[in-house]
$ cat run_39.csv   # CSV, C-alpha atoms
chain,number,residue,atom,x,y,z
M,1,MET,CA,0.0,0.0,0.0
M,2,THR,CA,1.4,3.4,-0.9
M,3,THR,CA,2.0,6.2,1.6
M,4,ALA,CA,-0.9,8.2,0.1
M,5,MET,CA,-3.2,5.3,0.6
M,6,LYS,CA,-2.1,4.8,4.2
M,7,GLU,CA,-2.7,8.4,5.0
M,8,ALA,CA,-6.2,8.2,3.4
M,9,VAL,CA,-7.0,5.1,5.3
M,10,GLU,CA,-5.8,6.6,8.6
M,11,GLN,CA,-8.2,9.5,8.0
M,12,GLY,CA,-11.2,7.2,7.7
M,13,GLN,CA,-14.0,9.6,6.8
M,14,TYR,CA,-14.8,10.9,3.3
M,15,LEU,CA,-17.3,13.2,1.7
M,16,THR,CA,-18.7,11.5,-1.3
M,17,PHE,CA,-20.1,13.4,-4.3
M,18,LEU,CA,-21.3,12.8,-7.9
M,19,LEU,CA,-19.6,13.9,-11.1
M,20,ALA,CA,-21.2,12.7,-14.4
M,21,GLY,CA,-22.8,9.8,-12.7
M,22,GLU,CA,-19.6,8.5,-11.0
M,23,GLU,CA,-19.1,8.7,-7.2
M,24,TYR,CA,-15.9,10.3,-5.9
M,25,ALA,CA,-14.7,11.0,-2.4
M,26,ILE,CA,-12.5,13.5,-0.7
M,27,GLY,CA,-11.0,13.1,2.8
M,28,ILE,CA,-13.3,15.0,5.2
M,29,LEU,CA,-10.4,16.8,6.8
M,30,LYS,CA,-9.8,18.6,3.4
M,31,VAL,CA,-13.4,19.8,3.2
M,32,LYS,CA,-14.0,23.2,4.8
M,33,GLU,CA,-17.7,23.7,3.7
M,34,ILE,CA,-20.3,23.0,1.1
M,35,ILE,CA,-22.1,25.9,-0.5
M,36,GLU,CA,-25.0,26.2,-3.0
M,37,TYR,CA,-23.9,26.9,-6.5
M,38,ASP,CA,-24.4,30.6,-7.0
M,39,THR,CA,-22.8,33.4,-9.0
M,40,VAL,CA,-19.4,32.5,-10.4
M,41,THR,CA,-17.4,35.3,-12.0
M,42,THR,CA,-15.6,34.1,-15.2
M,43,VAL,CA,-11.9,34.9,-15.4
M,44,PRO,CA,-10.5,35.4,-18.9
M,45,LYS,CA,-7.6,33.3,-20.2
M,46,THR,CA,-8.1,30.4,-17.8
M,47,PRO,CA,-8.4,26.7,-18.8
M,48,HIS,CA,-11.8,25.5,-19.8
M,49,TRP,CA,-12.2,23.5,-16.6
M,50,VAL,CA,-11.9,26.7,-14.5
M,51,GLN,CA,-15.4,28.0,-13.9
M,52,GLY,CA,-14.2,31.3,-12.4
M,53,VAL,CA,-14.0,32.7,-8.9
M,54,ILE,CA,-16.4,33.3,-6.0
M,55,ASN,CA,-16.4,35.7,-3.2
M,56,LEU,CA,-16.4,33.6,0.0
M,57,ARG,CA,-16.7,36.1,2.9
M,58,GLY,CA,-14.2,38.5,1.3
M,59,ALA,CA,-11.8,35.9,0.0
M,60,VAL,CA,-11.5,35.2,-3.7
M,61,VAL,CA,-11.7,31.5,-4.2
M,62,PRO,CA,-11.2,29.8,-7.6
M,63,VAL,CA,-13.9,27.3,-8.7
M,64,VAL,CA,-12.9,24.3,-10.8
M,65,ASP,CA,-15.0,21.7,-12.6
M,66,LEU,CA,-13.2,18.4,-12.0
M,67,GLY,CA,-15.4,16.7,-14.5
M,68,LEU,CA,-14.0,18.9,-17.3
M,69,LYS,CA,-10.5,18.5,-15.9
M,70,PHE,CA,-10.9,14.7,-16.0
M,71,GLY,CA,-12.2,14.9,-19.6
M,72,LEU,CA,-15.8,14.1,-18.8
M,73,GLU,CA,-18.7,15.7,-20.6
M,74,GLU,CA,-19.9,19.2,-19.5
M,75,ARG,CA,-23.0,19.0,-17.3
M,76,PRO,CA,-25.7,21.6,-16.8
M,77,VAL,CA,-26.1,23.3,-13.4
M,78,THR,CA,-29.0,21.9,-11.6
M,79,LYS,CA,-30.7,22.4,-8.2
M,80,THR,CA,-28.4,19.9,-6.6
M,81,THR,CA,-25.2,21.4,-8.1
M,82,CYS,CA,-23.0,22.7,-5.3
M,83,ILE,CA,-19.4,23.9,-4.6
M,84,VAL,CA,-17.3,22.0,-2.1
M,85,ILE,CA,-14.7,24.3,-0.6
M,86,ILE,CA,-11.6,22.4,0.1
M,87,GLU,CA,-8.1,23.2,1.4
M,88,GLY,CA,-5.3,21.5,-0.5
M,89,GLN,CA,-1.6,21.5,-0.1
M,90,VAL,CA,0.6,22.4,-3.1
M,91,GLU,CA,4.3,22.6,-2.6
M,92,GLY,CA,3.8,23.0,1.1
M,93,GLN,CA,1.3,25.9,0.8
M,94,SER,CA,-2.3,25.8,1.9
M,95,THR,CA,-4.7,26.7,-0.9
M,96,LEU,CA,-8.5,27.2,-0.8
M,97,MET,CA,-10.4,26.2,-3.9
M,98,GLY,CA,-14.0,25.4,-4.8
M,99,VAL,CA,-14.8,22.1,-6.5
M,100,MET,CA,-18.1,21.8,-8.5
M,101,ALA,CA,-20.1,18.7,-7.7
M,102,ASP,CA,-23.3,17.5,-9.4
M,103,ALA,CA,-24.6,16.5,-6.0
M,104,VAL,CA,-23.1,15.7,-2.5
M,105,SER,CA,-24.0,12.2,-1.4
M,106,GLN,CA,-22.8,11.4,2.2
M,107,VAL,CA,-20.0,11.3,4.7
M,108,MET,CA,-18.8,7.7,5.0
M,109,ASP,CA,-16.4,5.8,7.0
M,110,ILE,CA,-14.0,3.6,5.1
M,111,ALA,CA,-12.1,0.9,6.9
M,112,ALA,CA,-8.5,0.0,5.9
M,113,GLY,CA,-9.6,-3.3,4.5
M,114,ASP,CA,-12.1,-1.6,2.2
M,115,VAL,CA,-9.5,0.4,0.3
M,116,GLN,CA,-8.1,-1.2,-2.8
M,117,GLU,CA,-5.5,-0.1,-5.3
M,118,VAL,CA,-6.7,1.5,-8.5
M,119,PRO,CA,-6.3,-0.6,-11.6
M,120,THR,CA,-4.3,1.1,-14.4
M,121,PHE,CA,-7.3,0.7,-16.7
M,122,GLY,CA,-11.0,1.2,-16.5
M,123,THR,CA,-11.1,4.7,-14.9
M,124,ARG,CA,-11.7,7.8,-16.9
M,125,ILE,CA,-9.3,9.9,-14.9
M,126,LYS,CA,-5.5,9.7,-14.4
M,127,VAL,CA,-4.6,7.1,-11.8
M,128,ASP,CA,-2.2,9.7,-10.2
M,129,TYR,CA,-5.2,11.6,-8.9
M,130,LEU,CA,-6.5,8.7,-7.0
M,131,GLN,CA,-5.6,7.4,-3.5
M,132,GLY,CA,-7.6,4.2,-4.0
M,133,MET,CA,-11.0,2.8,-4.5
M,134,ALA,CA,-13.6,1.6,-2.0
M,135,GLN,CA,-16.7,-0.6,-2.6
M,136,LEU,CA,-20.0,1.2,-2.1
M,137,GLY,CA,-22.7,-1.3,-2.6
M,138,LYS,CA,-22.2,-2.8,-6.1
M,139,LYS,CA,-20.2,0.1,-7.3
M,140,PHE,CA,-16.9,1.6,-6.3
M,141,VAL,CA,-16.2,5.1,-5.0
M,142,LEU,CA,-13.0,6.7,-6.3
M,143,LEU,CA,-10.9,8.3,-3.5
M,144,LEU,CA,-9.4,11.5,-4.8
M,145,ASP,CA,-6.0,12.8,-3.8
M,146,ILE,CA,-7.0,16.4,-4.1
M,147,ASP,CA,-3.4,17.7,-3.6
M,148,LYS,CA,-2.4,16.0,-6.9
M,149,VAL,CA,-5.5,16.9,-9.0
M,150,LEU,CA,-4.0,20.4,-9.8
M,151,SER,CA,-0.3,20.8,-10.5
M,152,ALA,CA,1.6,23.6,-8.7
M,153,ASP,CA,1.7,25.6,-11.9
M,154,GLU,CA,-2.1,25.3,-12.3
M,155,VAL,CA,-2.7,26.4,-8.7
M,156,GLN,CA,-0.3,29.3,-9.2
M,157,ASP,CA,-2.2,30.4,-12.4
M,158,LEU,CA,-5.5,30.1,-10.6
M,159,THR,CA,-4.3,32.2,-7.6
M,160,ALA,CA,-2.8,34.8,-10.0
M,161,ALA,CA,-6.0,35.1,-12.0
M,162,ALA,CA,-8.1,35.4,-8.8
M,163,THR,CA,-5.7,38.1,-7.4
M,164,THR,CA,-5.8,40.0,-10.7
M,165,LEU,CA,-9.6,39.9,-10.7
M,166,SER,CA,-9.8,40.9,-7.0
M,167,GLU,CA,-7.5,43.9,-7.6
M,168,ALA,CA,-9.5,45.0,-10.7
M,169,GLU,CA,-12.8,44.9,-8.7
M,170,ASP,CA,-11.1,46.8,-5.8
M,171,ASN,CA,-9.9,49.5,-8.3
M,172,ALA,CA,-13.3,49.8,-9.9
M,173,ALA,CA,-15.0,50.1,-6.5
M,174,SER,CA,-12.6,52.7,-5.1
M,175,PRO,CA,-13.7,56.3,-5.0
M,176,GLU,CA,-10.5,57.4,-6.8
M,177,ALA,CA,-11.7,55.5,-9.9
M,178,ALA,CA,-14.7,57.7,-10.3
M,179,PRO,CA,-14.6,61.5,-11.0
M,180,ASN,CA,-14.8,63.6,-7.9
M,181,SER,CA,-17.2,66.2,-9.1
M,182,ASP,CA,-18.9,67.5,-12.3
M,183,GLU,CA,-16.0,69.9,-12.7
M,184,ASP,CA,-13.6,67.0,-13.3
M,185,ASN,CA,-16.0,65.3,-15.7
M,186,PRO,CA,-15.9,66.6,-19.3
M,187,ALA,CA,-19.0,64.5,-20.2
M,188,SER,CA,-21.0,66.4,-17.5
M,189,ASP,CA,-20.0,69.8,-19.1
M,190,ALA,CA,-21.2,68.5,-22.5
M,191,ASN,CA,-24.5,67.4,-21.0
M,192,ASP,CA,-25.0,70.8,-19.4
M,193,ARG,CA,-24.4,72.5,-22.7
M,194,VAL,CA,-26.9,70.3,-24.5
M,195,ALA,CA,-29.5,71.0,-21.7
M,196,GLU,CA,-29.1,74.8,-22.3
$ encode --input "run_39.csv" --output "structure tokens"
Amino acid sequence: MTTAMKEAVEQGQYLTFLLAGEEYAIGILKVKEIIEYDTVTTVPKTPHWVQGVINLRGAVVPVVDLGLKFGLEERPVTKTTCIVIIEGQVEGQSTLMGVMADAVSQVMDIAAGDVQEVPTFGTRIKVDYLQGMAQLGKKFVLLLDIDKVLSADEVQDLTAAATTLSEAEDNAASPEAAPNSDEDNPASDANDRVAE
């Protein structure tokens, strides 16, 4: 059993969720909260699997669609679509990100004996992203290693895009961005002349 699998098994509890009809799980200690899918601001020049960013109590958090990242078909947003806020570790740094889920299923305990190694065939995602598999009834749930889903470069790009968007919004909202009075606004002078 690999080190990642041992760590996953020691953790024991997982949040399970659906992506394109398949059940995935993330270690519960990585999950910060689950929120309803709401307004996501699109960020230009990001990969197609990046939905955009959300404002989470003043923090800009990137939102990714793991289904698209894994090469699955794009799915419509429904009443059950939600965003799972997770905290991942990339190169020793803690990073908050939102992961879109078609629906959240349950929190489940997985015993050490229930975790199996992932076969190198038969899954639609890279085996590197998985810690293992656990049987859930007649099906398997895929245990994601969320720290490996996004590379360090991808996380850095997401963080940079979120920071740029946040700064742009701050500049647009600051009083310095708007004219101080009608005297400083040539358009206002033109409007006054037309009114006369």
$ atom_distance --input "run_39.csv" --atom1 "atom CA of M:Ile83" --atom2 "atom CA of M:Gly52"
11.9 Å
$ residues_near_point --input "run_39.csv" --point "(-21.8, 21.5, -14.9)" --cutoff "10 Å" --atoms "all atoms listed in the file" --output "list in words"
Leu19, Ala20, Trp49, Gln51, Asp65, Leu66, Gly67, Leu68, Glu73, Glu74, Arg75, Pro76, Val77, Thr78, Thr81, Cys82, Met100, Ala101 and Asp102 of chain M
$ closest_atom_pairs --input "run_39.csv" --of "stretch 58-131 of chain M" --to "stretch 28-32 of chain M" --cutoff "7 Å" --atoms "only C-alpha atoms" --output "JSON lines"
{"residue": "M:Val84", "atom": "CA", "partner": "M:Val31", "partner_atom": "CA", "distance": 6.9}
{"residue": "M:Ile85", "atom": "CA", "partner": "M:Lys32", "partner_atom": "CA", "distance": 5.6}
{"residue": "M:Ile86", "atom": "CA", "partner": "M:Val31", "partner_atom": "CA", "distance": 4.4}
{"residue": "M:Glu87", "atom": "CA", "partner": "M:Lys30", "partner_atom": "CA", "distance": 5.3}
{"residue": "M:Gly88", "atom": "CA", "partner": "M:Lys30", "partner_atom": "CA", "distance": 6.6}
$ atom_distance --input "run_39.csv" --atom1 "atom CA of M:Pro119" --atom2 "atom CA of M:Lys139"
14.6 Å
$ residues_near_point --input "run_39.csv" --point "(-4.1, 17.2, -5.3)" --cutoff "12 Å" --atoms "all atoms listed in the file" --output "ChimeraX atom specification"
/M:4,26-27,30,66,86-97,99,126,128-131,143-152,154-155
$ atom_distance --input "run_39.csv" --atom1 "atom CA of M:Thr46" --atom2 "atom CA of M:Leu15"
27.6 Å
$ residues_around --input "run_39.csv" --residues "M:Gly132" --least-positions-apart "5" --cutoff "8 Å" --atoms "only C-alpha atoms" --output "list in words"
Met5, Val115, Gln116, Glu117, Val118, Leu142, Leu143 and Leu144 of chain M
